[in-house]
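> This is my_file.txt, which holds compact mmCIF, C-alpha atoms and all ligand atoms:
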# COMPACT_ATOMS: atom_id res chain seq x y z
CA MET L 1 166.09 39.14 227.37
CA HIS L 2 169.70 38.63 228.33
CA ASP L 3 172.26 41.32 227.82
CA GLU L 4 175.88 40.53 227.29
CA GLY L 5 177.91 40.74 230.46
CA MET L 6 177.64 39.45 233.97
CA GLY L 7 174.56 37.44 234.82
CA LEU L 8 174.66 37.83 238.59
CA MET L 9 176.15 40.65 240.58
CA THR L 10 175.66 39.28 244.08
CA ARG L 11 176.96 36.35 246.08
CA ASP L 12 174.67 34.60 248.52
CA LYS L 13 176.33 32.48 251.23
CA GLY L 14 174.07 29.45 250.77
CA GLN L 15 174.42 29.22 247.03
CA LEU L 16 177.00 28.72 244.31
CA ASN L 17 177.00 30.78 241.13
CA VAL L 18 177.74 28.85 237.94
CA GLY L 19 179.37 30.11 234.74
CA LEU L 20 179.19 27.77 231.74
CA ILE L 21 181.37 28.07 228.63
CA GLY L 22 180.05 26.38 225.47
CA THR L 23 176.53 25.49 224.37
CA GLY L 24 177.13 22.46 222.14
CA PHE L 25 176.60 18.79 222.98
CA MET L 26 178.30 19.02 226.36
CA GLY L 27 177.19 22.58 227.10
CA LYS L 28 173.55 21.49 227.05
CA CYS L 29 174.37 18.40 229.11
CA HIS L 30 176.11 20.52 231.79
CA ALA L 31 173.28 23.08 231.83
CA LEU L 32 170.66 20.36 232.36
CA ALA L 33 172.78 18.78 235.09
CA PHE L 34 173.31 22.03 237.01
CA ARG L 35 169.55 22.63 236.88
CA ALA L 36 168.63 19.12 238.02
CA ALA L 37 171.32 18.38 240.62
CA PRO L 38 169.83 20.31 243.62
CA ALA L 39 166.40 18.73 242.97
CA VAL L 40 167.80 15.21 242.74
CA PHE L 41 170.23 15.76 245.63
CA PRO L 42 168.36 18.12 248.03
CA HIS L 43 171.32 18.39 250.44
CA LEU L 44 173.18 20.49 247.85
CA PRO L 45 173.20 24.28 248.07
CA LYS L 46 171.23 26.26 245.52
CA LEU L 47 173.03 26.44 242.17
CA ASN L 48 172.43 29.74 240.41
CA LEU L 49 172.84 29.61 236.66
CA ALA L 50 174.61 32.95 236.35
CA THR L 51 176.32 33.42 233.00
CA LEU L 52 176.63 31.39 229.82
CA ALA L 53 179.40 32.09 227.28
CA ASP L 54 179.65 31.12 223.65
CA ILE L 55 181.67 32.64 220.83
CA ASP L 56 178.56 33.83 219.00
CA PRO L 57 176.57 36.39 221.07
CA ASP L 58 173.22 35.34 219.56
CA VAL L 59 173.89 31.66 220.26
CA ALA L 60 174.96 32.54 223.81
CA ARG L 61 171.86 34.68 224.40
CA ASP L 62 169.44 32.09 222.99
CA ALA L 63 171.04 29.27 224.98
CA ALA L 64 170.97 31.37 228.17
CA ASP L 65 167.23 31.91 227.63
CA THR L 66 166.61 28.24 226.89
CA PHE L 67 168.66 26.84 229.77
CA GLY L 68 167.66 29.50 232.31
CA PHE L 69 170.93 31.41 232.74
CA ALA L 70 170.59 34.97 234.02
CA GLY L 71 173.07 36.43 231.53
CA SER L 72 175.24 35.66 228.53
CA THR L 73 178.46 36.80 226.94
CA SER L 74 180.51 36.15 223.81
CA ASP L 75 183.72 36.80 225.76
CA TRP L 76 184.59 33.89 228.06
CA ARG L 77 187.14 36.07 229.89
CA THR L 78 184.28 38.27 231.14
CA LEU L 79 182.72 35.16 232.65
CA VAL L 80 185.83 33.77 234.34
CA GLU L 81 186.77 37.18 235.77
CA ASP L 82 183.30 37.89 237.17
CA PRO L 83 183.82 38.02 240.98
CA ALA L 84 180.32 36.62 241.56
CA ILE L 85 181.02 33.32 239.76
CA ASP L 86 182.10 30.38 241.95
CA ILE L 87 182.24 27.49 239.45
CA VAL L 88 183.47 27.70 235.84
CA ALA L 89 182.30 24.79 233.67
CA ILE L 90 184.28 24.38 230.42
CA THR L 91 182.64 22.57 227.50
CA SER L 92 184.54 24.15 224.61
CA PRO L 93 186.71 22.23 222.11
CA ASN L 94 189.89 20.71 223.58
CA PHE L 95 192.34 23.41 222.42
CA LEU L 96 190.57 26.04 224.55
CA HIS L 97 190.46 24.08 227.83
CA GLN L 98 193.89 25.10 229.12
CA ALA L 99 193.63 28.87 228.57
CA MET L 100 190.09 28.94 229.98
CA ALA L 101 190.91 26.79 233.01
CA GLU L 102 194.10 28.66 233.85
CA ALA L 103 192.32 32.03 233.66
CA ALA L 104 189.53 30.70 235.89
CA ILE L 105 192.04 29.27 238.37
CA GLN L 106 193.87 32.58 238.45
CA ALA L 107 190.56 34.26 239.31
CA GLY L 108 190.10 31.75 242.19
CA LYS L 109 187.25 29.72 240.65
CA HIS L 110 186.57 26.03 241.02
CA VAL L 111 186.88 24.43 237.57
CA TYR L 112 184.77 21.66 236.05
CA CYS L 113 186.33 20.83 232.69
CA GLU L 114 185.35 18.44 229.94
CA LYS L 115 187.68 15.65 228.89
CA PRO L 116 190.32 15.31 227.60
CA LEU L 117 191.73 17.85 230.04
CA ALA L 118 194.24 19.37 227.61
CA LEU L 119 195.84 18.85 224.21
CA ASP L 120 198.57 16.71 225.79
CA ALA L 121 200.06 15.63 229.11
CA ALA L 122 202.25 18.76 229.33
CA GLY L 123 199.12 20.92 229.19
CA ALA L 124 197.37 18.73 231.77
CA LYS L 125 200.42 19.01 234.05
CA ALA L 126 200.44 22.83 233.80
CA MET L 127 196.71 22.96 234.62
CA THR L 128 197.15 20.60 237.58
CA THR L 129 200.07 22.61 238.95
CA ALA L 130 198.12 25.87 238.67
CA ALA L 131 194.98 24.45 240.31
CA GLU L 132 196.85 22.82 243.19
CA ALA L 133 198.87 26.00 243.84
CA ALA L 134 195.66 28.06 243.91
CA GLY L 135 193.86 25.53 246.14
CA VAL L 136 190.74 25.45 243.95
CA LYS L 137 188.66 22.30 243.40
CA THR L 138 188.73 20.58 240.02
CA LEU L 139 186.73 17.85 238.32
CA VAL L 140 186.97 16.44 234.80
CA GLY L 141 183.98 15.15 232.83
CA TYR L 142 184.60 11.40 232.81
CA ASN L 143 180.87 10.94 233.40
CA TYR L 144 180.72 7.17 232.80
CA LEU L 145 182.55 6.66 236.10
CA HIS L 146 179.45 7.92 237.93
CA ASN L 147 177.17 5.11 236.77
CA PRO L 148 175.79 3.14 239.77
CA ALA L 149 176.65 -0.01 237.77
CA ILE L 150 180.33 1.04 237.81
CA LYS L 151 180.20 1.64 241.57
CA LEU L 152 178.71 -1.87 241.90
CA ALA L 153 181.49 -3.28 239.71
CA LYS L 154 184.07 -1.57 241.93
CA ASP L 155 182.43 -2.96 245.09
CA ILE L 156 182.41 -6.49 243.61
CA LEU L 157 186.07 -6.22 242.62
CA ASP L 158 187.12 -4.76 246.00
CA SER L 159 185.26 -7.51 247.88
CA GLY L 160 187.39 -10.16 246.18
CA GLU L 161 184.25 -11.87 244.88
CA ILE L 162 185.81 -12.62 241.49
CA GLY L 163 189.28 -13.14 242.92
CA GLU L 164 192.48 -11.60 241.66
CA ILE L 165 192.12 -9.52 238.50
CA VAL L 166 194.19 -11.02 235.71
CA HIS L 167 192.88 -9.28 232.60
CA PHE L 168 191.04 -6.15 231.41
CA ARG L 169 189.55 -6.02 227.90
CA GLY L 170 188.17 -2.55 227.28
CA ALA L 171 186.87 -0.73 224.23
CA HIS L 172 185.00 2.40 223.30
CA PHE L 173 183.54 2.12 219.82
CA GLU L 174 181.30 4.64 218.06
CA ASP L 175 180.75 5.40 214.37
CA TYR L 176 180.41 9.19 214.37
CA LEU L 177 183.34 9.52 211.92
CA ALA L 178 182.62 6.41 209.85
CA SER L 179 181.24 8.29 206.87
CA PRO L 180 183.90 10.00 204.71
CA ASP L 181 181.24 12.65 204.02
CA THR L 182 181.25 13.78 207.66
CA PRO L 183 182.85 17.25 207.52
CA PHE L 184 186.25 18.17 208.92
CA THR L 185 185.82 19.70 212.41
CA TRP L 186 188.11 20.54 215.33
CA ARG L 187 188.06 16.82 216.20
CA SER L 188 190.14 16.01 213.06
CA SER L 189 192.69 18.81 213.60
CA LYS L 190 195.80 18.05 215.68
CA ALA L 191 196.11 21.67 216.80
CA GLN L 192 192.53 21.76 218.06
CA SER L 193 191.99 18.22 219.38
CA GLY L 194 195.53 17.29 220.47
CA ALA L 195 195.00 13.66 219.55
CA GLY L 196 192.32 11.62 217.86
CA VAL L 197 190.04 8.90 219.12
CA VAL L 198 192.77 7.60 221.43
CA ALA L 199 192.09 10.71 223.54
CA ASP L 200 188.47 11.45 222.62
CA LEU L 201 187.01 8.01 223.39
CA GLY L 202 190.13 6.16 224.55
CA SER L 203 190.43 8.42 227.58
CA HIS L 204 186.99 7.28 228.78
CA ILE L 205 187.95 3.60 228.75
CA ILE L 206 191.33 4.45 230.32
CA SER L 207 189.42 6.27 233.10
CA LEU L 208 187.40 3.10 233.74
CA ALA L 209 190.47 0.83 233.62
CA ARG L 210 192.29 2.88 236.28
CA ARG L 211 189.17 3.20 238.46
CA LEU L 212 188.40 -0.55 238.37
CA VAL L 213 191.76 -2.26 237.94
CA ASP L 214 194.87 -0.19 238.48
CA GLU L 215 197.04 2.51 236.95
CA ILE L 216 198.45 1.62 233.52
CA ALA L 217 202.25 1.29 233.65
CA ALA L 218 203.12 0.62 230.00
CA VAL L 219 201.48 0.42 226.61
CA GLN L 220 202.16 -0.85 223.11
CA ALA L 221 199.89 1.02 220.74
CA MET L 222 198.89 1.07 217.09
CA LEU L 223 197.01 4.18 215.91
CA GLU L 224 195.44 4.51 212.48
CA ILE L 225 193.81 7.21 210.37
CA VAL L 226 191.17 5.20 208.48
CA VAL L 227 189.37 8.14 206.80
CA LYS L 228 192.24 10.26 205.53
CA GLU L 229 190.44 13.38 204.29
CA ARG L 230 187.11 15.06 204.92
CA PRO L 231 185.08 17.77 203.17
CA LEU L 232 185.21 21.29 204.59
CA ALA L 233 181.94 22.16 206.33
CA ASP L 234 181.47 25.42 204.45
CA LYS L 235 182.94 24.28 201.08
CA PRO L 236 182.24 20.54 200.66
CA GLU L 237 183.93 20.35 197.24
CA ASP L 238 187.26 21.00 199.03
CA LYS L 239 188.84 18.43 201.34
CA ALA L 240 191.10 18.75 204.37
CA THR L 241 193.60 16.13 205.48
CA VAL L 242 192.65 14.38 208.72
CA GLU L 243 195.55 14.82 211.13
CA VAL L 244 194.70 12.49 214.02
CA ASP L 245 193.79 8.84 214.52
CA ASP L 246 190.23 7.56 214.25
CA GLN L 247 191.10 4.01 215.31
CA ALA L 248 193.37 3.05 218.23
CA GLN L 249 194.49 -0.25 219.69
CA MET L 250 196.83 -0.94 222.59
CA LEU L 251 198.17 -3.68 224.75
CA VAL L 252 198.45 -2.49 228.34
CA ARG L 253 200.31 -3.63 231.45
CA PHE L 254 198.98 -2.43 234.81
CA ARG L 255 201.26 -1.45 237.69
CA GLY L 256 200.11 -4.45 239.75
CA GLY L 257 200.93 -6.92 236.96
CA ALA L 258 197.55 -7.51 235.31
CA THR L 259 197.47 -7.14 231.54
CA GLY L 260 194.85 -6.13 229.03
CA THR L 261 193.80 -4.46 225.84
CA ILE L 262 192.22 -1.08 225.19
CA GLU L 263 190.67 -0.13 221.86
CA ALA L 264 188.90 3.00 220.66
CA SER L 265 187.27 3.72 217.34
CA ALA L 266 185.20 6.50 215.86
CA VAL L 267 184.69 4.51 212.64
CA ALA L 268 183.22 1.31 214.12
CA ALA L 269 180.22 0.89 211.83
CA GLY L 270 177.02 0.29 213.78
CA ARG L 271 178.46 1.07 217.20
CA LYS L 272 176.88 4.10 218.89
CA MET L 273 178.06 3.91 222.51
CA TYR L 274 179.90 0.62 222.81
CA LEU L 275 181.93 1.60 225.86
CA THR L 276 182.56 -1.87 227.17
CA PHE L 277 184.81 -3.88 229.41
CA GLU L 278 185.32 -7.45 230.45
CA ILE L 279 187.32 -7.95 233.63
CA THR L 280 188.59 -11.46 234.19
CA GLY L 281 189.36 -12.54 237.74
CA SER L 282 190.68 -15.82 239.11
CA LYS L 283 187.20 -16.71 240.46
CA GLY L 284 184.88 -15.06 237.93
CA SER L 285 184.38 -12.11 235.64
CA LEU L 286 182.42 -8.90 235.10
CA VAL L 287 181.06 -7.55 231.81
CA PHE L 288 179.62 -4.10 231.13
CA ASP L 289 178.47 -2.22 228.04
CA GLN L 290 177.28 1.42 228.14
CA GLU L 291 174.62 0.69 225.46
CA HIS L 292 173.02 -1.32 228.31
CA MET L 293 174.19 1.01 231.06
CA ASN L 294 171.76 -0.26 233.71
CA GLU L 295 173.12 -3.80 233.57
CA LEU L 296 176.21 -5.54 234.92
CA LYS L 297 176.96 -9.15 234.03
CA LEU L 298 178.62 -11.27 236.73
CA PHE L 299 180.07 -14.74 236.32
CA ARG L 300 181.30 -16.81 239.30
CA PHE L 301 182.82 -20.29 239.15
CA ASP L 302 181.34 -21.10 242.58
CA GLN L 303 177.83 -21.52 241.14
CA GLY L 304 178.88 -25.05 240.11
CA PRO L 305 179.34 -26.50 236.60
CA SER L 306 175.63 -27.22 236.13
CA ARG L 307 174.79 -23.54 236.82
CA ASP L 308 177.68 -22.03 234.85
CA GLY L 309 176.75 -18.78 233.14
CA PHE L 310 176.55 -15.02 233.45
CA LYS L 311 174.00 -13.44 235.76
CA THR L 312 172.60 -10.08 234.64
CA ILE L 313 172.21 -7.62 237.52
CA LEU L 314 169.84 -4.72 236.83
CA THR L 315 170.68 -1.60 238.80
CA GLY L 316 168.08 -0.24 241.21
CA PRO L 317 167.64 1.70 244.46
CA THR L 318 170.12 -0.57 246.28
CA HIS L 319 172.87 0.77 243.98
CA PRO L 320 173.46 4.39 245.04
CA PRO L 321 172.68 6.98 243.91
CA TYR L 322 170.05 5.34 241.67
CA ASP L 323 167.50 5.80 244.49
CA ARG L 324 167.82 9.59 244.21
CA PHE L 325 166.30 9.40 240.72
CA CYS L 326 163.82 6.54 240.98
CA PRO L 327 162.40 4.25 243.70
CA ALA L 328 161.86 1.26 241.40
CA PRO L 329 164.60 -1.16 240.24
CA GLY L 330 165.29 -1.80 236.58
CA HIS L 331 163.58 1.34 235.31
CA GLY L 332 166.97 2.70 234.36
CA LEU L 333 169.05 5.85 234.40
CA GLY L 334 170.25 7.64 231.25
CA PHE L 335 173.37 9.41 229.95
CA ASN L 336 172.31 12.84 231.22
CA ASP L 337 171.69 11.43 234.71
CA LEU L 338 175.41 10.56 234.93
CA LYS L 339 176.17 14.27 234.47
CA VAL L 340 173.72 15.12 237.28
CA ILE L 341 175.59 12.72 239.58
CA GLU L 342 178.89 14.25 238.41
CA VAL L 343 177.68 17.78 239.24
CA ALA L 344 176.54 16.59 242.69
CA HIS L 345 180.00 15.07 243.23
CA LEU L 346 181.59 18.40 242.22
CA VAL L 347 179.41 20.43 244.56
CA ASP L 348 180.00 17.99 247.45
CA GLY L 349 183.73 18.43 246.85
CA ILE L 350 183.40 22.21 246.97
CA THR L 351 181.09 22.44 249.97
CA ASN L 352 182.10 19.39 252.10
CA GLY L 353 185.65 18.71 250.94
CA THR L 354 184.72 15.26 249.55
CA PRO L 355 187.77 14.12 247.51
CA LEU L 356 187.04 14.73 243.84
CA ASP L 357 187.95 12.10 241.28
CA PRO L 358 188.94 12.40 238.52
CA ASP L 359 190.40 15.77 239.43
CA PHE L 360 192.98 17.51 237.24
CA ARG L 361 195.80 15.31 238.61
CA SER L 362 193.89 12.12 237.75
CA ALA L 363 193.04 13.49 234.31
CA TRP L 364 196.74 14.32 233.85
CA GLN L 365 197.52 10.61 234.58
CA ILE L 366 194.99 9.66 231.88
CA ALA L 367 196.69 12.13 229.50
CA GLU L 368 200.04 10.46 230.24
CA VAL L 369 198.58 7.11 229.06
CA VAL L 370 197.38 8.79 225.85
CA ASP L 371 200.78 10.44 225.31
CA ALA L 372 202.55 7.12 225.91
CA ALA L 373 200.26 5.49 223.30
CA ILE L 374 201.17 8.16 220.76
CA ARG L 375 204.92 7.73 221.47
CA SER L 376 204.56 3.94 221.34
CA ASP L 377 202.84 4.11 217.95
CA ALA L 378 205.51 6.44 216.53
CA GLU L 379 208.40 4.34 217.87
CA ARG L 380 206.67 0.96 217.35
CA GLN L 381 207.63 -0.30 220.79
CA TRP L 382 206.46 -0.85 224.37
CA THR L 383 206.45 2.53 226.16
CA ASP L 384 206.33 3.32 229.87
CA VAL L 385 203.63 5.69 231.14
CA ASN L 386 204.89 8.62 233.23
CA ASP L 387 203.69 8.45 236.85
CA VAL L 388 202.15 11.75 238.00
CA ARG L 389 201.89 10.93 241.72
CA SER L 390 203.06 13.87 243.79
N1 LIG M 1 182.05 13.70 228.73
C1 LIG M 1 181.51 13.32 227.59
O1 LIG M 1 180.81 12.31 227.53
C2 LIG M 1 181.74 14.15 226.37
C3 LIG M 1 180.95 13.97 225.23
C4 LIG M 1 181.16 14.81 224.13
C5 LIG M 1 182.15 15.78 224.18
N2 LIG M 1 182.93 15.91 225.29
C6 LIG M 1 183.97 16.96 225.37
O2 LIG M 1 183.32 18.22 225.50
C7 LIG M 1 184.05 19.21 224.79
C8 LIG M 1 183.11 19.86 223.78
O3 LIG M 1 182.60 18.87 222.92
P1 LIG M 1 181.16 19.06 222.24
O4 LIG M 1 180.86 17.77 221.57
O5 LIG M 1 180.21 19.63 223.20
O6 LIG M 1 181.56 20.12 221.13
P2 LIG M 1 180.58 21.11 220.36
O7 LIG M 1 181.33 21.50 219.14
O8 LIG M 1 179.20 20.53 220.26
O9 LIG M 1 180.46 22.37 221.36
C9 LIG M 1 181.56 23.22 221.61
C10 LIG M 1 180.98 24.56 222.06
O10 LIG M 1 182.07 25.43 222.38
C11 LIG M 1 181.77 26.71 221.80
N3 LIG M 1 182.99 27.50 221.61
C12 LIG M 1 183.95 27.36 220.69
N4 LIG M 1 184.85 28.34 220.82
C13 LIG M 1 184.48 29.10 221.87
C14 LIG M 1 185.00 30.27 222.49
N5 LIG M 1 186.14 30.85 222.08
N6 LIG M 1 184.32 30.80 223.53
C15 LIG M 1 183.16 30.24 223.98
N7 LIG M 1 182.62 29.13 223.42
C16 LIG M 1 183.27 28.58 222.37
C17 LIG M 1 181.10 26.34 220.48
O11 LIG M 1 180.43 27.44 219.89
C18 LIG M 1 180.16 25.24 220.97
O12 LIG M 1 178.98 25.76 221.57
C19 LIG M 1 185.23 18.52 224.16
O13 LIG M 1 186.37 18.69 224.97
C20 LIG M 1 184.82 17.06 224.12
O14 LIG M 1 185.91 16.16 224.17
C21 LIG M 1 182.72 15.14 226.39
Can the structure in the file be given as structure tokens, please?
Ligand SMILES: NC(=O)c1ccc[n+]([C@@H]2O[C@H](COP(=O)([O-])OP(=O)(O)OC[C@H]3O[C@@H](n4cnc5c(N)ncnc54)[C@H](O)[C@@H]3O)[C@@H](O)[C@H]2O)c1

Amino acid sequence: MHDEGMGLMTRDKGQLNVGLIGTGFMGKCHALAFRAAPAVFPHLPKLNLATLADIDPDVARDAADTFGFAGSTSDWRTLVEDPAIDIVAITSPNFLHQAMAEAAIQAGKHVYCEKPLALDAAGAKAMTTAAEAAGVKTLVGYNYLHNPAIKLAKDILDSGEIGEIVHFRGAHFEDYLASPDTPFTWRSSKAQSGAGVVADLGSHIISLARRLVDEIAAVQAMLEIVVKERPLADKPEDKATVEVDDQAQMLVRFRGGATGTIEASAVAAGRKMYLTFEITGSKGSLVFDQEHMNELKLFRFDQGPSRDGFKTILTGPTHPPYDRFCPAPGHGLGFNDLKVIEVAHLVDGITNGTPLDPDFRSAWQIAEVVDAAIRSDAERQWTDVNDVRS
């Protein structure tokens, strides 16, 4: 049994106490990752699952039991103010991120927040300013960056193997909003989501573009609301107007001069996790698709015309940290493993001072790209992206 209130009353020097807010899709993913990370990465300190918060006390209590948290609460403020908690993980809907993170920062906690960081760039800026002033560590849940295949792609690009990057073609397509019968949720409300798929999925592909290519300097965007109304979850005969985009397209110009396209869609029939990019260099190219997340396709002109073609590289123990999960190549990691790697990165940042990326400042830069896309769409013109470098 778990009573409402603090899950752990003591602080042990060799361990970190974790408070998790939210028990939905991402809440479960974070809980599994916090449990697995010290087993997969034995150098990490013990992670105590202290308190789990959700708005419904029964849901919070059941999830705490299921995931192995010592306590639960229906009041997230109790969790963030608990002096025993070291890390606050936020997996609530977007509109709650800022208030939760700022309260946690004020209480001196390290904050691990789901993406998008805030409703808009102004919110992301306020959160970054607060975290940096307090000197706490921050990390944002752009989990796809932690795929060993992405690290390999970065190494290939940095080595110059495919020459100078001239073009990035990125997309993140899913079809979770394709059916007009899918009920209206916080994701279709401007006040609760901030923006539509341009932020929800678009921010993931933006995070990959800036990691692999460069910061985005300017965008020309076109955002659409394809499904314009949705039934209310509790009264399906009534409909609510969808307030944010479910399809987004943009031309992008990177600071270093490369150009590209970024697309995001939540209505792309048949696509489940088509987070994909093709990076064209002067000597070759790289292709990735998250539906085949253990593969990277490499093309190099220097193979000679009679051997022209893409080579498929399967990730394995030579692509860290794959070896921490499995000694055999090609057996494959999964979506939840990326969260385990992300948690290990967070804890390394807290305990060893390893630079964390994307921290709140990086996530603020991503939010600036999203904001620029929204302005560009409204004004129907090329729009510069604000530069958040300090
Ligand atoms: N990194 C990723 O790959 C990824 C994937 C999906 C969602 N997300 C992000 O994670 C966040 C949550 O998305 P989700 O799909 O898990 O949503 P969800 O609706 O499945 O879960 C949200 C949870 O927050 C809880 N909640 C709502 N109000 C609360 C309150 N006041 N106090 C405590 N708990 C409260 C809900 O009860 C629910 O358990 C969003 O910001 C979303 O963008 C990230």
> How big is the axis-aligned box, and where does its centre sit, when it encloses all atoms of ligand LIG 1 (chain M) listed in the file and has 5 Å added on every side, reported in Å to one decimal as AutoDock Vina command-line options?

--center_x 182.7 --center_y 21.6 --center_z 223.9 --size_x 17.4 --size_y 28.5 --size_z 19.6
> Given only C-alpha atoms as the basis, pick out the residue of L:Cys113, L:Val388, L:Ile150, L:Ile262 nearest to Thr315 in chain L.
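Between L:Cys113, L:Val388, L:Ile150, L:Ile262, the residue approaching Thr315 in chain L most closely is L:Ile150.
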> Once you count all atoms listed in the file, which residues end up no further than 9 Å from (194.8, -8.8, 239.2) in the file's frame, shown as a ChimeraX atom specification?
/L:163-167,213-214,254,256-259,280-282
> Can you build me a table of chain L residues sitting at most 6 Å from ligand LIG 1 (chain M), with the closest atom pair per residue and its distance in Å to one decimal, using only C-alpha atoms and all ligand atoms, sorted by chain and residue number, as a Markdown table?

| residue | atom | partner | partner_atom | distance |
| --- | --- | --- | --- | --- |
| L:Ile21 | CA | M:LIG1 | C15 | 5.4 |
| L:Gly22 | CA | M:LIG1 | O10 | 3.8 |
| L:Thr23 | CA | M:LIG1 | O12 | 3.7 |
| L:Gly24 | CA | M:LIG1 | O8 | 3.4 |
| L:Phe25 | CA | M:LIG1 | O5 | 3.7 |
| L:Met26 | CA | M:LIG1 | O5 | 3.7 |
| L:Gly27 | CA | M:LIG1 | O5 | 5.7 |
| L:Ala53 | CA | M:LIG1 | C15 | 5.3 |
| L:Asp54 | CA | M:LIG1 | N7 | 3.6 |
| L:Ile55 | CA | M:LIG1 | N6 | 4.2 |
| L:Trp76 | CA | M:LIG1 | N6 | 5.5 |
| L:Thr91 | CA | M:LIG1 | C7 | 4.5 |
| L:Ser92 | CA | M:LIG1 | O10 | 3.6 |
| L:Pro93 | CA | M:LIG1 | C19 | 4.5 |
| L:Asn94 | CA | M:LIG1 | O13 | 4.3 |
| L:Glu114 | CA | M:LIG1 | O2 | 4.9 |
| L:Lys115 | CA | M:LIG1 | O14 | 5.1 |
| L:Pro116 | CA | M:LIG1 | O14 | 5.7 |
| L:Gly141 | CA | M:LIG1 | N1 | 4.8 |
| L:Tyr142 | CA | M:LIG1 | N1 | 5.3 |
| L:Asn143 | CA | M:LIG1 | N1 | 5.6 |
| L:Asp200 | CA | M:LIG1 | O14 | 5.6 |
> Write the residues of the preceding selection, restricted to C-alpha atoms, as an mmCIF file, in the coordinates of the input.

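In the end it all went to out-v7.cif:
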data_model
loop_
_atom_site.group_PDB
_atom_site.id
_atom_site.type_symbol
_atom_site.label_atom_id
_atom_site.label_comp_id
_atom_site.auth_asym_id
_atom_site.auth_seq_id
_atom_site.Cartn_x
_atom_site.Cartn_y
_atom_site.Cartn_z
ATOM 1 C CA ILE L 21 181.370 28.070 228.630
ATOM 2 C CA GLY L 22 180.050 26.380 225.470
ATOM 3 C CA THR L 23 176.530 25.490 224.370
ATOM 4 C CA GLY L 24 177.130 22.460 222.140
ATOM 5 C CA PHE L 25 176.600 18.790 222.980
ATOM 6 C CA MET L 26 178.300 19.020 226.360
ATOM 7 C CA GLY L 27 177.190 22.580 227.100
ATOM 8 C CA ALA L 53 179.400 32.090 227.280
ATOM 9 C CA ASP L 54 179.650 31.120 223.650
ATOM 10 C CA ILE L 55 181.670 32.640 220.830
ATOM 11 C CA TRP L 76 184.590 33.890 228.060
ATOM 12 C CA THR L 91 182.640 22.570 227.500
ATOM 13 C CA SER L 92 184.540 24.150 224.610
ATOM 14 C CA PRO L 93 186.710 22.230 222.110
ATOM 15 C CA ASN L 94 189.890 20.710 223.580
ATOM 16 C CA GLU L 114 185.350 18.440 229.940
ATOM 17 C CA LYS L 115 187.680 15.650 228.890
ATOM 18 C CA PRO L 116 190.320 15.310 227.600
ATOM 19 C CA GLY L 141 183.980 15.150 232.830
ATOM 20 C CA TYR L 142 184.600 11.400 232.810
ATOM 21 C CA ASN L 143 180.870 10.940 233.400
ATOM 22 C CA ASP L 200 188.470 11.450 222.620
#
> Between L:Ala233, L:Ala133, L:Ile162, L:Ala107, single out the one closest to Asp302 in chain L, counting only C-alpha atoms.
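Closest candidate: L:Ile162.
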> Here's a test: counting all atoms listed in the file, identify every protein, DNA and RNA residue with an atom at most 6 Å from (183.8, 13.9, 202.1) in the file's coordinate frame, and state them as a list in words.
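Taken together, the residues in range are Pro180, Asp181, Arg230 and Pro231 of chain L.
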> Measure the distance from CA of Ala39 in chain L to CA of Val343 in chain L in Å and round it to one decimal.
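Computing the Euclidean distance for CA of Ala39 in chain L and CA of Val343 in chain L yields 11.9 Å.
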> Got a sec: who's within 10 Å of Pro320 in chain L, counting all atoms listed in the file, leaving out chain neighbours fewer than 2 positions off, as a list in words?
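Final neighbour list, sorted by chain and number: His146, Asn147, Pro148, Ala149, Lys151, Leu152, Thr315, Gly316, Pro317, Thr318, Tyr322, Asp323, Arg324 and Phe325 of chain L.
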> Rounded to one decimal place, report the CA of Phe67 in chain L-CA of Leu79 in chain L distance in Å.
16.6 Å
> So that each row is one residue of range 196-315 of chain L with an atom at most 12 Å from range 336-341 of chain L, can you give its shortest atom pair and the distance in Å to one decimal, using all atoms listed in the file, rows by chain and rising number, as JSON lines?

{"residue": "L:Gln290", "atom": "CA", "partner": "L:Leu338", "partner_atom": "CA", "distance": 11.5}
{"residue": "L:Met293", "atom": "CA", "partner": "L:Leu338", "partner_atom": "CA", "distance": 10.4}
{"residue": "L:Asn294", "atom": "CA", "partner": "L:Leu338", "partner_atom": "CA", "distance": 11.5}
> Ser193 in chain L: which residues within 12 Å, counting only C-alpha atoms, same-chain residues fewer than 6 positions away excluded, as a PyMOL selection string?
chain L and resi 92-97+115-120+184-187+199-200+242-246
> Looking at all atoms listed in the file, which of L:Ala372, L:Ile350, L:Ala218, L:Ile279 is the one that sits closest to Thr138 in chain L?
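Ranking L:Ala372, L:Ile350, L:Ala218, L:Ile279 by distance to Thr138 in chain L, first place goes to L:Ile350.
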> Of the candidates L:Val18, L:Leu44, L:Lys272, L:Ser72, which shows the shortest atom-to-atom distance to Pro57 in chain L, using only C-alpha atoms?
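Smallest distance to Pro57 in chain L is found for L:Ser72.
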> Leaving out Gln381 in chain L and any residue of its chain fewer than 2 positions from it, which residues lie within 6 Å of it when counting only C-alpha atoms, given as a list in words?
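Once the nearby chain positions are removed, what remains is Gln220, Ser376 and Glu379 of chain L.
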> Measure the distance from CA of Ala103 in chain L to CA of Thr78 in chain L in Å and round it to one decimal.
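Calculated distance between CA of Ala103 in chain L and CA of Thr78 in chain L is 10.5 Å.
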> For a quick check of understanding, using all atoms listed in the file, which of L:Leu296, L:Met100, L:Leu145, L:Leu139 has the smallest distance to Ile313 in chain L?
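Ranking L:Leu296, L:Met100, L:Leu145, L:Leu139 by distance to Ile313 in chain L, first place goes to L:Leu296.
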> Using only C-alpha atoms, find the one residue out of L:Glu224, L:Glu102, L:Asp175, L:Asp65 that sits nearest to Glu132 in chain L.
L:Glu102
